[in-house]
Structures are given as C-alpha cells and as structure tokens.
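Remarks on the structure that follows.
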Amino acid sequence: MLIATVSTQRSPSGLAKRGRGRDKVWELSALDLIEDEVRELVRRRGVDPSADPDAVRGLVAEVLAHYDERSLAGGLPPLPDPGQLARDVFDSVAGYGPLQRYLDDPTIEEVWINEPGRIFVARAGRSELTTTILSASDVRDLVERMLKPSGRRVDLSTPWVDAMLPDGSRLHVVIPDITRACWAVNIRKFIIRAASLDQLVELGTLTAATARFLDAAVVSGLNILVSGGTQAGKTTLLNCLGAAIPARERVITCEEVFELQLPAVDLVGLQTRQPNLDGAGEVRLRRLVREALRMRPQRIIVGEVRHEECLDLLLALNCGIPGMCTVHANSAREAIGKMCTLPLLAAENVSHAFLVPLVATCFDLVVHLAAGADGRRRVHEIVAVPGRSERGVIEAEDVFTWRDDRLVRAEGYPPHPDRFARAGYDLVDLLGAVS
C-alpha cells in the first residue's frame, strides 16, 4: 500500500483532515488522502453525491490532478493505477463502497452479507463467497447510506426493513437481536433481462406458443396468478405480462417495494410504508389494494401476495376488475391451494367454505416457474382454472405442461372463450394441437 506523509498546512487544495490537530502530521494511504479531500470538496461545494454523480467524478479528477502535481514535486509517491483509484474513491463517496462493483456487475443477481467477513453474490442462480471483507461499522454505514433515499429506517423498535435503492434493487436488512450477532443484508438486483414476452422466448423462459397464448390471455382480460420459488423469475414474468396490457387501459400496481417497471401510459404505482417512531402511519399492502379500487382501475397488479391482502385482492377480482399477482409455491396447484389459505389470516370469520368457490371464480390461469440445476428460469406449467370446485377442491386443467424436458401443449383449455373471441382470438388456432 502506498503511504503518504502529509501536513494539513501544506495541502494545495486547502483541505484539512477533520478531527486532527492543526499542526499534526500523519500518515495516510493515497486512497484515504484522496477520498478525504474529495469528501471535503463535496461538503464545501454543496454537492449531493447521489443526485449528481457526474459532479463527484469531476471532483475526483480535480483532486487526482492536485495529487499528480504534488507527486511530480516529490512530495508524494506516484500512483501506479490512477484509473482504479479514481473508481474506488468514486464508489466510496457516491456509491456503496466495496459493494458497488457487485452492484455494477450485470452478471450478479443478488448480494448478501451474513457477517462482515462473509459476503456472497449470486450468478446464474448459484452463490459465490467473495473475497470482500468489511467491518461491522462499515456494514452499518453502508446500510444507513442505502436507506437514506427511501426515508426508511432500521433500529431496535423496527429490526428489519425493506427498501428500494435508486437503481431499482431491493434491500432487506435484519439486525440483532433478531439475528444472532451480525447485521444480515440482502440486495436483490432487479435486472431487466426481458421487458416483453417475446424477449422471454429469446431467453428460453417460454416457448413461442406459450408466449402467444399468454399475450392473448392478458389482452382478453383473464386473471393470472404467477407462482414459483424464490428467484424463479416471478417478478420478471409479471413485468412482461404487464407489458402486454393494452395501452388504453388504466393500471394500478400495489407493492411492498417498487419493483415493477411497466410501460403503461396510464399507470399509478403504490407501495407500503413503515410505521413512524411512534408506531403510527403504517400502510399495509391490503390497504393499498382497497385504495386501488377507488382509483378507477382497469387492471390491478399486486407484486406479491403473502398475507391477509389476499382476501382484498380476491374481492377486487370478484368485482370484475382484471388482475395479476405472484405467490410463492412449489407448483401451480399448490399456488391455488395457497390462495385459499392466505385469506384466512385476514379475519376469524373468513371460512374455507367461502374461499374455495371464490378463488375458483377469481383466477383463470396459473403460470408456474422453476429454476433448473443450471440456474435458468423456465415456465414449467400453465394451468387453467375453469371456475368449478367440489368438496373443497378446485378443478384445474393443464394447458401447457413440462414433459421430456420441455414445455408442451396439454389437453386443457382456458375459461372464458368468449373473452378471447371478443379480443379477436381463435382459441383453437391459438393453442394448436395437443402434443
């Protein structure tokens, strides 16, 4: 590591190390010296690093130029790699320090910290232990910086938090004593690998036939439930399905944290809110679904259903408003069963006998995704819900199924053929022959 001996009285930029004695001489690495001077210039000139990163890059270049002048005069050692040092300083001042290179890497899908010395990333669905090592204070400082734009917080009264980073990535933090000893941090990057069903076909997530069918189902106004495990690609598929909604329709989205990025012209996005320090002001997902009904929606999209908001969504869909949502499940049929169970959390007077026929009539299609051993996400089945139930069991028919390591046409047909006809689709021609 390069070491520079610097006096505060001789700094050409007039920048003194804060918290140090006026005449004290100290040793700093070149990185620390340049970073401190950049931070001081940011403070003096009133630059907001998150809002104006280009200005920060200009300050880094300015400080590096001063450093070069001093090194030519013999006061400081030369820098072997100014470009890398400039990137490191910029990441520290305007980014998220040592984690920034992982956030900038398009091949990395998620970053998580189990403890300061164990930082992992995920590529192509597989986890890797990195060589990055932080201190406990580094982790806390990074989390504070990440939460600042969202206005959310994490403390002993609220020991976990969900937030969105400026680039759209989703941040989740849990602190002791909920965790054993260290802060647990997850950053799930929302990488837009596909913005339409056709692009999913190119990625191998869908076949061309299933993409045409799903596009027609969305245009025809069918209610679609997207299911799958963690990191199966549910949000990406929901985003692509949302992109197929006709431009003339008004779309209201409800999410815990903004993740969907739809191209709709008439779009309003809603997200939940944490309680304040007094424990008041919380806005839960079920409240957003209720409010969405007052906003003249022609489509309602709920990012993910986890709890009692499922009942409010079912009631909204039962009003004739087309909608979509995602849910964690191991199969399409398990997803249907879960939608019959989650509303029981809403109130004690909600019964299974009431929910089963309601779910049977609310959802028309279930699209299930799964990640293979190679990390690739694929649609494994598309199931139709005809709207019938018997003895507490909802009937379901396979429209497309996974067979011989590929997605093929099954024997089932979706409900509401009249809606397809009104939208100009011939179902028989659209689905083709049974495999």
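Simple scheme: letters A, B, ... for chains in structure tokens order, numbers from 1 for residues in each chain, numbers from 1 for ligands in the order shown.
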Strand (DSSP E) call set, DSSP backbone run, range 106-276 of chain A, as a PyMOL selection string: chain A and resi 108-115+118-123+126-129+160-164+170-174+184-188+224-228+251-255+267-271
Sel. of alpha helix (DSSP H) residues, range 82-225 of chain A, as a PyMOL selection string: chain A and resi 82-94+100-104+136-147+197-203+208-219
One-decimal distance in Å that lies between CA of Gln100 in chain A and CA of Thr130 in chain A: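 CA of Gln100 in chain A lies at a distance of 13.2 Å from CA of Thr130 in chain A.
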Nearest residue to Thr179 in chain A from the set A:Thr253, A:Gln298, A:Asn114, A:Thr132 (distances using only C-alpha atoms): A:Asn114
Of the listed residues A:His66, A:Arg250, A:Arg57, A:Arg406, that which approaches Gly95 in chain A most closely, counting only C-alpha atoms: A:Arg57
Which of A:Phe363, A:Asp68, A:Asn330, A:Gly233 sits closest to Leu203 in chain A [using only C-alpha atoms]: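 Ranked by minimum distance to Leu203 in chain A, first place goes to A:Gly233.
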Selection near Ala232 in chain A, 10 Å with only C-alpha atoms, sequence-local residues under 4 positions removed, as a VMD selection string: chain A and resid 125 227 to 228 236 to 237 328 368 to 372 375 to 379
Contacts of Leu277 in chain A at 9 Å (only C-alpha atoms; same-chain gap of 2+ positions) as a list in words: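 In the requested form, the answer reads Ser157, Thr158, Pro275, Gly279 and Ala280 of chain A.
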Got a sec: who's within 9 Å of Pro166 in chain A, counting only C-alpha atoms, leaving out chain neighbours fewer than 6 positions off, as a CSV table (one decimal) with all heavy atoms, in the first residue's frame?
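Okay, this is what ended up in out12.csv:
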```csv
chain,number,residue,atom,x,y,z
A,50,SER,N,-25.5,11.5,-4.5
A,50,SER,CA,-26.5,10.5,-5.0
A,50,SER,C,-27.2,11.2,-6.2
A,50,SER,O,-27.7,10.5,-7.1
A,50,SER,CB,-27.5,10.1,-4.0
A,50,SER,OG,-28.1,11.2,-3.4
A,146,MET,N,-27.7,3.4,2.3
A,146,MET,CA,-28.7,2.8,1.3
A,146,MET,C,-30.1,3.2,1.7
A,146,MET,O,-31.0,3.4,0.8
A,146,MET,CB,-28.6,1.3,1.4
A,146,MET,CG,-27.3,0.7,0.7
A,146,MET,SD,-27.1,-1.1,1.0
A,146,MET,CE,-25.6,-1.4,0.2
A,149,PRO,N,-32.1,7.5,0.9
A,149,PRO,CA,-33.0,8.0,-0.1
A,149,PRO,C,-34.5,7.5,0.1
A,149,PRO,O,-35.4,8.2,-0.3
A,149,PRO,CB,-32.5,7.4,-1.4
A,149,PRO,CG,-31.1,7.0,-1.1
A,149,PRO,CD,-31.1,6.6,0.3
A,150,SER,N,-34.7,6.4,0.7
A,150,SER,CA,-36.1,5.9,0.9
A,150,SER,C,-36.8,6.5,2.1
A,150,SER,O,-38.0,6.4,2.2
A,150,SER,CB,-36.0,4.3,1.0
A,150,SER,OG,-35.5,4.0,2.3
```
Given only C-alpha atoms as the counted atoms, nearest of A:Val47, A:Leu33, A:Gly242, A:Ile300 to Leu64 in chain A: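 Smallest separation from Leu64 in chain A among the options: A:Leu33.
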Shortest interatomic distance to Asp312 in chain A - which of A:Glu291, A:Arg286, A:Arg87, A:Ser331, counting only C-alpha atoms: A:Arg286
For Leu315 in chain A: contacts at 12 Å, only C-alpha atoms, fewer than 6 positions along chain excluded, given as a list in words: Arg286, Val289, Arg290, Leu293, Ile300, Glu308, Glu309, Ile321, Pro322, Gly323, Pro343, Phe354, Leu355, Leu358, Val359, Thr361, Cys362 and Phe363 of chain A
Using only all heavy atoms, please write the residues we just selected to a file, as a compact mmCIF listing (two decimals), in the first residue's frame.
```txt
# COMPACT_ATOMS: atom_id res chain seq x y z
N ARG A 286 -52.70 -4.63 2.11
CA ARG A 286 -54.14 -4.79 1.91
C ARG A 286 -54.83 -3.43 1.82
O ARG A 286 -55.85 -3.28 1.12
CB ARG A 286 -54.74 -5.64 3.02
CG ARG A 286 -54.76 -5.02 4.41
CD ARG A 286 -55.43 -5.95 5.41
NE ARG A 286 -56.73 -6.39 4.95
CZ ARG A 286 -57.57 -7.09 5.70
NH1 ARG A 286 -57.24 -7.46 6.93
NH2 ARG A 286 -58.75 -7.45 5.22
N VAL A 289 -54.53 -2.24 -1.76
CA VAL A 289 -55.48 -2.89 -2.66
C VAL A 289 -56.86 -2.23 -2.53
O VAL A 289 -57.54 -1.99 -3.54
CB VAL A 289 -55.56 -4.40 -2.36
CG1 VAL A 289 -56.62 -5.06 -3.25
CG2 VAL A 289 -54.21 -5.07 -2.58
N ARG A 290 -57.26 -1.91 -1.32
CA ARG A 290 -58.55 -1.24 -1.12
C ARG A 290 -58.56 0.14 -1.77
O ARG A 290 -59.53 0.53 -2.42
CB ARG A 290 -58.84 -1.10 0.38
CG ARG A 290 -59.08 -2.41 1.10
CD ARG A 290 -59.29 -2.14 2.58
NE ARG A 290 -59.38 -3.36 3.35
CZ ARG A 290 -59.48 -3.39 4.68
NH1 ARG A 290 -59.48 -2.25 5.36
NH2 ARG A 290 -59.57 -4.54 5.33
N LEU A 293 -59.02 0.33 -5.58
CA LEU A 293 -60.39 0.21 -6.10
C LEU A 293 -61.07 1.57 -6.25
O LEU A 293 -62.02 1.70 -7.00
CB LEU A 293 -61.23 -0.68 -5.18
CG LEU A 293 -60.84 -2.16 -5.14
CD1 LEU A 293 -61.68 -2.89 -4.11
CD2 LEU A 293 -61.00 -2.79 -6.50
N ILE A 300 -55.54 -4.34 -11.97
CA ILE A 300 -54.85 -4.27 -10.68
C ILE A 300 -53.75 -5.32 -10.68
O ILE A 300 -54.00 -6.50 -10.99
CB ILE A 300 -55.81 -4.52 -9.50
CG1 ILE A 300 -56.78 -3.34 -9.36
CG2 ILE A 300 -55.04 -4.71 -8.21
CD1 ILE A 300 -57.75 -3.49 -8.21
N GLU A 308 -52.69 -11.31 4.58
CA GLU A 308 -54.13 -11.09 4.56
C GLU A 308 -54.59 -10.26 3.37
O GLU A 308 -55.78 -10.23 3.05
CB GLU A 308 -54.58 -10.41 5.86
CG GLU A 308 -54.23 -8.95 5.99
CD GLU A 308 -52.84 -8.71 6.55
OE1 GLU A 308 -52.11 -9.69 6.77
OE2 GLU A 308 -52.48 -7.54 6.79
N GLU A 309 -53.66 -9.58 2.67
CA GLU A 309 -54.05 -8.81 1.49
C GLU A 309 -54.65 -9.69 0.40
O GLU A 309 -55.32 -9.21 -0.52
CB GLU A 309 -52.87 -8.03 0.94
CG GLU A 309 -51.75 -8.88 0.37
CD GLU A 309 -50.74 -9.32 1.41
OE1 GLU A 309 -50.90 -8.93 2.59
OE2 GLU A 309 -49.80 -10.05 1.05
N ILE A 321 -62.75 -6.65 -12.04
CA ILE A 321 -61.54 -5.93 -12.46
C ILE A 321 -60.44 -6.94 -12.74
O ILE A 321 -60.03 -7.67 -11.83
CB ILE A 321 -61.09 -4.93 -11.37
CG1 ILE A 321 -62.20 -3.95 -11.05
CG2 ILE A 321 -59.82 -4.20 -11.81
CD1 ILE A 321 -61.91 -3.05 -9.88
N PRO A 322 -59.94 -7.04 -13.96
CA PRO A 322 -58.87 -8.00 -14.24
C PRO A 322 -57.62 -7.68 -13.43
O PRO A 322 -57.31 -6.52 -13.15
CB PRO A 322 -58.61 -7.81 -15.75
CG PRO A 322 -59.84 -7.15 -16.27
CD PRO A 322 -60.36 -6.30 -15.15
N GLY A 323 -56.91 -8.73 -13.03
CA GLY A 323 -55.72 -8.51 -12.23
C GLY A 323 -54.70 -9.62 -12.35
O GLY A 323 -54.97 -10.68 -12.94
N PRO A 343 -56.18 -15.95 2.76
CA PRO A 343 -57.23 -15.06 3.25
C PRO A 343 -57.73 -15.39 4.65
O PRO A 343 -58.34 -14.55 5.31
CB PRO A 343 -58.35 -15.24 2.22
CG PRO A 343 -57.66 -15.70 0.98
CD PRO A 343 -56.54 -16.56 1.47
N PHE A 354 -66.15 -20.55 2.23
CA PHE A 354 -66.40 -19.31 1.48
C PHE A 354 -65.30 -19.06 0.45
O PHE A 354 -65.57 -18.59 -0.67
CB PHE A 354 -66.48 -18.14 2.46
CG PHE A 354 -66.36 -16.78 1.82
CD1 PHE A 354 -67.38 -16.24 1.07
CD2 PHE A 354 -65.19 -16.04 1.98
CE1 PHE A 354 -67.26 -14.98 0.49
CE2 PHE A 354 -65.06 -14.79 1.40
CZ PHE A 354 -66.10 -14.25 0.65
N LEU A 355 -64.06 -19.39 0.80
CA LEU A 355 -62.92 -19.03 -0.04
C LEU A 355 -62.77 -19.91 -1.27
O LEU A 355 -62.39 -19.44 -2.34
CB LEU A 355 -61.63 -19.08 0.79
CG LEU A 355 -61.49 -18.01 1.87
CD1 LEU A 355 -60.28 -18.29 2.74
CD2 LEU A 355 -61.38 -16.64 1.24
N LEU A 358 -64.76 -18.86 -4.17
CA LEU A 358 -64.31 -17.51 -4.55
C LEU A 358 -63.02 -17.58 -5.36
O LEU A 358 -62.90 -16.93 -6.41
CB LEU A 358 -64.11 -16.66 -3.29
CG LEU A 358 -63.64 -15.22 -3.51
CD1 LEU A 358 -64.69 -14.43 -4.29
CD2 LEU A 358 -63.34 -14.54 -2.18
N VAL A 359 -62.04 -18.34 -4.90
CA VAL A 359 -60.78 -18.48 -5.63
C VAL A 359 -61.02 -19.13 -6.98
O VAL A 359 -60.42 -18.75 -7.99
CB VAL A 359 -59.77 -19.31 -4.80
CG1 VAL A 359 -58.53 -19.62 -5.62
CG2 VAL A 359 -59.38 -18.55 -3.53
N THR A 361 -63.46 -18.87 -8.94
CA THR A 361 -64.02 -17.95 -9.94
C THR A 361 -63.16 -16.72 -10.18
O THR A 361 -63.39 -15.99 -11.14
CB THR A 361 -65.43 -17.49 -9.49
OG1 THR A 361 -65.33 -16.89 -8.19
CG2 THR A 361 -66.39 -18.66 -9.44
N CYS A 362 -62.17 -16.47 -9.30
CA CYS A 362 -61.36 -15.26 -9.43
C CYS A 362 -60.18 -15.44 -10.36
O CYS A 362 -59.85 -14.55 -11.15
CB CYS A 362 -60.87 -14.81 -8.06
SG CYS A 362 -62.13 -13.96 -7.09
N PHE A 363 -59.49 -16.56 -10.28
CA PHE A 363 -58.30 -16.77 -11.11
C PHE A 363 -58.62 -17.67 -12.29
O PHE A 363 -59.32 -18.67 -12.15
CB PHE A 363 -57.16 -17.37 -10.28
CG PHE A 363 -56.54 -16.39 -9.33
CD1 PHE A 363 -56.82 -16.43 -7.98
CD2 PHE A 363 -55.70 -15.39 -9.80
CE1 PHE A 363 -56.27 -15.52 -7.10
CE2 PHE A 363 -55.14 -14.46 -8.93
CZ PHE A 363 -55.43 -14.52 -7.58
```
Could you list, as a compact mmCIF listing (two decimals) with N, CA, C and O atoms, in the first residue's frame, every residue within 7 Å of Arg388 in chain A, counting only C-alpha atoms and ignoring same-chain residues fewer than 5 positions away?
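part_27.txt, written as the output of this step:
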```txt
# COMPACT_ATOMS: atom_id res chain seq x y z
N ALA A 360 -61.93 -20.12 -7.02
CA ALA A 360 -62.21 -20.84 -8.27
C ALA A 360 -62.73 -19.91 -9.35
O ALA A 360 -62.48 -20.12 -10.55
N ILE A 394 -60.56 -27.32 -5.87
CA ILE A 394 -60.78 -26.53 -7.09
C ILE A 394 -60.27 -27.31 -8.29
O ILE A 394 -59.14 -27.83 -8.29
N GLU A 395 -61.10 -27.41 -9.30
CA GLU A 395 -60.68 -28.11 -10.52
C GLU A 395 -59.62 -27.30 -11.27
O GLU A 395 -59.66 -26.07 -11.27
```
Among the residues A:Leu225, A:Leu407, A:Ala353, A:Leu270, the one that comes closest to Ala335 in chain A [using only C-alpha atoms]: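 Distance minimum relative to Ala335 in chain A lands on A:Leu225.
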